[in-house]
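K.L.:
Before I ask anything, here is the structure I am working with.
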Amino acid sequence: MELTLPSDFAKSKLIALQDYSVLAGRAVRGLFEKPLYFGDMVQQADLIGFGSLPIVVLTGFFTGAVLTLNSANSLERFGSLSLLGQLVAVGMVRELGPVLTGLMVAGRNASGMASELGSMVVTEQIDAMRALGTDPMKKLITPRVAATVFMLFFLSIISDLLGLVGGSAVASLLLGLDYHQYWASAYQILKFQDVFMGLLKPVIFGFIIATIGCYYGISARGGTQGVGRATTQAVVAASVIILLVDFFVTKLLMAMFGYS
Amino acid sequence: MTAPPAAIAAPAIDATAAQSPIIVFDEVSICFDWKPVLDRVSFHLKRGESKAIFGTAGSGKSTILKLALGLIKPDRGRIYVMGEEVTRMSEDELFHLRSKIGMVFQESALFDSLSVRENVAYRLDQEGKLSEERIDRKVREALSFVELEHAIDLFPSELSGGMKRRVAIARAIITEPEVILYDSPTGGLDPVTSTTIVELIIKQRDVYKTSSLLVTHRLQDAFVMASHYFDKTTNHMRALPPGMRCEVPMNFLILRDGIAIFDGDVHELSATTDLYIRKYIS
C-alpha cells in the first residue's frame, strides 16, 4: 500500500469538500433554473419514497415496539408506567423516527444513487449527456435531491406514526395498559417544538443522503470496482454524517427552544 | 468500375468555407495526476475534412476529442471550434456549441435505461423544438442511415457491440452536426463489423460532407477511409481509382507520448522517414 504524505491527504480531503460543496450548491441552484426536470423528480420521488415505504414502515413499527418494551421495564421500577406514551412519543417524534428513517433511506438510496451515477460515469454516459447538451447536474442531481428531501419528510411522519402504533400495540397487548391512556399521554406531551424538531431533521437528512450519494456516484473512478467502492463509501459517509449532524442540530434546537 | 461520385471531386461547400478550419488546437497541454498527457499539441481540421488520430494506448487520443467538445479544459493552450474559443466558454455556452457537434464514444455510451428510439431522439427530445411525429421521422431516417430501423424498440442491453456503435452514430448524426468526433468506433469489433462502421463513417463524410476527427489505433481503418469513397448508386463504399487518393479530404495526426509527431495526408505519411512512424505504419 502506497503511503500518502499528511499534506497530500489533507489537500485531497479539502478538494473533495470543495467538490461536494459545488455539487450541493449546483443541485440547489438547479431548482431555480430552467429546464426543470419535473418528470424526473416525480420518478425519483416514486423510487425513493414509495420504494422505501416497506422498510420505513417495518423500522418505525418495531422501533416503537421495542422502545416501549425497554422503557416499560425501567418506568415500572419507578411506578411511572403511565408515562409510557409520553416517552415513546417524544423519543419517536424528536429523535428515533427521523434518524432511523434517515439511516434506512441512506442505506437503500444513497447506495442506489452512487451505483447508478457511478455506472453512468464509468460507461461515459455522463459525458454523453453533456455532449448531447444536457446538464447532468440539473437532469440527474437536482431531481434526486428534491425528491429525497420531499419524500423523507413524509416518510419520517409515517415512521413516527407507526412507531407510536407499535408502542401502542405492545403496551395494550403485552403489558396490559389502557391504549386510550397511552395515546392521550402521547398526544399531550408533544409540543410545537418537538414536532418542529422532528420535521426539520428529515429535510436536512434528505439533503445529506442525496448529495452524498450523488457526490460519490459522480466521483466514481476505476471501473466496476470503483463503482462498488463509491457505493460503500456513500452509505458509510451518509450514515455517519446523519448521526453527527443529528447531534449538532438537536443541541442547537434545544438551545433555541430553551430545553434544559 | 463506377466513377467516384461528383461530390468528392466537387464538394457542395464553397472553396473559402472549405479552407476555414472547423477545429483548431493551438499549443494545447494537459496533465492528469501531474503526468503530462498532451504537450503543446497543435493542429487544425478544415471544413469537410476527416482527420485520423493515431497513437499508442494512453497517448492522449481520446483526450483530444474531450477537449474539442469542452468536456475537459486544457492546462494551457487554446482550442477553437467553429471559430469559438472553447477554452474560455462556460458550461452553459458550451451546451449550445455542442448541438453542432456529434460525438461517438468509445463504448457507445448509450443510455441503458432508454430504448434505441429514445437514445437516438435524446437531443431532439431535450430541445423540445420539434413535434413528436417529426422527431419520430428523423429517428427513423437516422436509424435507416445505419441500417438499424428494425431495432428501434430494443434496449442497449439487447444489442450487439456493432449495433451499439451504429446506434451511437445515429444518435450523433440526427441533428446533422457540422463535425463528428469518433472515439475508437471500431475498437473491440470483429473485422466484418469494423468494415460496416468504417463504411458508415465514409458515407457520412461523402454524402453529408461532415468534418470528422477519428481516434483509432487501427491503421487499416484510416487507410480504408483514405482510399475509398461512398457510391450512392450501390449504397456501398468502393475503392478509389489509383491516382485519385488525394481527392479524399483525409489527413493523419500521430501522437507519441502526448506530442504530435506527424500531421499530414496519406502521401506525406507514406513518404515519411521518421523511424517511429515507419515502424508504426508497417
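Quick note on naming: the chains in the C-alpha cells go A, B, ... in the order shown, residues restart at 1 in each chain, and ligands are numbered from 1 in order of appearance.
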Near chain B, meaning an atom within 8 Å, which residues of chain A appear when counting only C-alpha atoms? Write them as a list in words.
P.N.:
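Every residue meeting the condition is included here: Thr123, Glu124, Gln125, Asp127, Ala128, Arg130, Ala131, Leu132, Gly133 and Thr134 of chain A.
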K.L.:
Where in segment 99-237 of chain B does DSSP assign helix (DSSP H, G or I), given as a VMD selection string?
P.N.:
chain B and resid 116 to 127 132 to 145 149 to 151 156 to 158 161 to 173 191 to 208 219 to 227
K.L.:
What lies within 9 Å of Leu177 of chain A using only C-alpha atoms, ignoring chain neighbours under 6 positions off, as a list of chain:residue names?
P.N.:
A:Leu81, A:Ser82, A:Ser168, A:Val170, A:Ala171
K.L.:
Mind checking which residues fall within 12 Å of Gln220 of chain B, counting only C-alpha atoms, ignoring those fewer than 3 positions away in the same chain, and posting them as a PyMOL selection string?
P.N.:
chain B and resi 52+54+186+191+194-195+198+216-217+223-228+280-282
K.L.:
Extract, using only C-alpha atoms, all DNA, RNA and protein residues at most 12 Å from Phe43 of chain B, discarding same-chain residues fewer than 6 positions from it, and format them as a ChimeraX atom specification.
P.N.:
/B:21-28,51-53,64,68,77-80,213,251-255,259-264
K.L.:
Under the rule of at most 9 Å, produce a per-residue listing of segment 52-140 of chain A near segment 147-167 of chain A: chain, number, name, the closest pair of atoms, and the distance in Å, as JSON lines, using only C-alpha atoms.
P.N.:
{"residue": "A:Ser52", "atom": "CA", "partner": "A:Leu155", "partner_atom": "CA", "distance": 8.2}
{"residue": "A:Leu53", "atom": "CA", "partner": "A:Leu155", "partner_atom": "CA", "distance": 7.1}
{"residue": "A:Val56", "atom": "CA", "partner": "A:Ser159", "partner_atom": "CA", "distance": 6.0}
{"residue": "A:Val57", "atom": "CA", "partner": "A:Ser159", "partner_atom": "CA", "distance": 5.9}
{"residue": "A:Leu58", "atom": "CA", "partner": "A:Leu162", "partner_atom": "CA", "distance": 8.2}
{"residue": "A:Thr59", "atom": "CA", "partner": "A:Ser159", "partner_atom": "CA", "distance": 7.3}
{"residue": "A:Gly60", "atom": "CA", "partner": "A:Ser159", "partner_atom": "CA", "distance": 4.4}
{"residue": "A:Phe61", "atom": "CA", "partner": "A:Gly163", "partner_atom": "CA", "distance": 4.4}
{"residue": "A:Phe62", "atom": "CA", "partner": "A:Gly166", "partner_atom": "CA", "distance": 6.1}
{"residue": "A:Thr63", "atom": "CA", "partner": "A:Gly163", "partner_atom": "CA", "distance": 6.0}
{"residue": "A:Gly64", "atom": "CA", "partner": "A:Gly163", "partner_atom": "CA", "distance": 3.9}
{"residue": "A:Ala65", "atom": "CA", "partner": "A:Gly167", "partner_atom": "CA", "distance": 4.4}
{"residue": "A:Val66", "atom": "CA", "partner": "A:Gly167", "partner_atom": "CA", "distance": 7.5}
{"residue": "A:Leu67", "atom": "CA", "partner": "A:Gly167", "partner_atom": "CA", "distance": 7.2}
{"residue": "A:Thr68", "atom": "CA", "partner": "A:Gly167", "partner_atom": "CA", "distance": 5.2}
{"residue": "A:Leu69", "atom": "CA", "partner": "A:Gly167", "partner_atom": "CA", "distance": 8.0}
{"residue": "A:Leu84", "atom": "CA", "partner": "A:Gly167", "partner_atom": "CA", "distance": 8.7}
{"residue": "A:Gly85", "atom": "CA", "partner": "A:Gly167", "partner_atom": "CA", "distance": 7.7}
{"residue": "A:Val88", "atom": "CA", "partner": "A:Leu164", "partner_atom": "CA", "distance": 6.7}
{"residue": "A:Ala89", "atom": "CA", "partner": "A:Leu164", "partner_atom": "CA", "distance": 6.4}
{"residue": "A:Met92", "atom": "CA", "partner": "A:Asp160", "partner_atom": "CA", "distance": 5.5}
{"residue": "A:Val93", "atom": "CA", "partner": "A:Asp160", "partner_atom": "CA", "distance": 5.5}
{"residue": "A:Arg94", "atom": "CA", "partner": "A:Asp160", "partner_atom": "CA", "distance": 8.9}
{"residue": "A:Leu96", "atom": "CA", "partner": "A:Asp160", "partner_atom": "CA", "distance": 8.0}
{"residue": "A:Gly97", "atom": "CA", "partner": "A:Asp160", "partner_atom": "CA", "distance": 5.0}
{"residue": "A:Pro98", "atom": "CA", "partner": "A:Ser156", "partner_atom": "CA", "distance": 5.2}
{"residue": "A:Val99", "atom": "CA", "partner": "A:Ser156", "partner_atom": "CA", "distance": 8.6}
{"residue": "A:Leu100", "atom": "CA", "partner": "A:Ser159", "partner_atom": "CA", "distance": 8.7}
{"residue": "A:Thr101", "atom": "CA", "partner": "A:Ser156", "partner_atom": "CA", "distance": 6.0}
{"residue": "A:Gly102", "atom": "CA", "partner": "A:Leu152", "partner_atom": "CA", "distance": 7.3}
{"residue": "A:Val105", "atom": "CA", "partner": "A:Leu152", "partner_atom": "CA", "distance": 7.8}
{"residue": "A:Asn109", "atom": "CA", "partner": "A:Thr148", "partner_atom": "CA", "distance": 8.7}
K.L.:
Skip Gly58 of chain B itself and residues of its chain fewer than 5 positions away, then list as a list in words all residues within 10 Å of it, counting only C-alpha atoms.
P.N.:
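These residues fall inside the cut-off: Val37, Thr63, Leu255, Arg256, Asp257 and Gly258 of chain B.
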K.L.:
Just the residues within 6 Å of segment 143-150 of chain B, please, counting only C-alpha atoms, with nothing from its chain fewer than 2 positions along; format it as a PDB file with C-alpha atoms, in the first residue's frame.
P.N.:
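The resulting file, around_27.pdb, is shown below:
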ATOM      1  CA  ARG B 140     -36.240   6.533 -38.420  1.00  0.00           C
ATOM      2  CA  GLU B 141     -34.133   8.388 -41.001  1.00  0.00           C
ATOM      3  CA  ILE B 152     -35.947   0.937 -32.864  1.00  0.00           C
ATOM      4  CA  ARG B 166     -24.298   2.096 -35.166  1.00  0.00           C
ATOM      5  CA  ALA B 170     -27.340   7.509 -35.495  1.00  0.00           C
TER       6      ALA B 170
END
K.L.:
Could you jot down the atom CA of Ser239 of chain A to atom CA of Leu103 of chain A separation for me, Å, one decimal place?
P.N.:
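Answer for the atom CA of Ser239 of chain A to atom CA of Leu103 of chain A separation: 5.7 Å.
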K.L.:
Quick check, in Å to one decimal: how far apart do atom CA of Arg165 of chain B and atom CA of Glu132 of chain B lie?
P.N.:
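Answer for the atom CA of Arg165 of chain B to atom CA of Glu132 of chain B separation: 24.8 Å.
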K.L.:
How close does each residue of segment 117-214 of chain A get to segment 9-26 of chain A, giving the shortest atom pair and distance in Å to one decimal for every residue with an atom at most 9 Å away, counting only C-alpha atoms, sorted by chain and residue number, as JSON lines?
P.N.:
{"residue": "A:Met137", "atom": "CA", "partner": "A:Arg26", "partner_atom": "CA", "distance": 6.8}
{"residue": "A:Lys138", "atom": "CA", "partner": "A:Arg26", "partner_atom": "CA", "distance": 8.0}
{"residue": "A:Ile141", "atom": "CA", "partner": "A:Leu23", "partner_atom": "CA", "distance": 8.3}
{"residue": "A:Thr142", "atom": "CA", "partner": "A:Arg26", "partner_atom": "CA", "distance": 7.9}
{"residue": "A:Val145", "atom": "CA", "partner": "A:Ala24", "partner_atom": "CA", "distance": 8.8}
{"residue": "A:Phe207", "atom": "CA", "partner": "A:Ala24", "partner_atom": "CA", "distance": 8.5}
{"residue": "A:Thr211", "atom": "CA", "partner": "A:Ala24", "partner_atom": "CA", "distance": 5.9}
{"residue": "A:Ile212", "atom": "CA", "partner": "A:Tyr20", "partner_atom": "CA", "distance": 7.7}
{"residue": "A:Cys214", "atom": "CA", "partner": "A:Leu23", "partner_atom": "CA", "distance": 8.5}
K.L.:
From segment 39-163 of chain B, collect each residue whose DSSP state is strand (DSSP E or B) and return the set as a VMD selection string.
P.N.:
chain B and resid 39 to 46 50 to 54 76 to 81 84 to 85 101 to 105 108
K.L.:
By how many Å are atom CA of Pro241 of chain B and atom CA of Ile169 of chain B apart?
P.N.:
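Computing it gives 28.1 Å between the two atoms.
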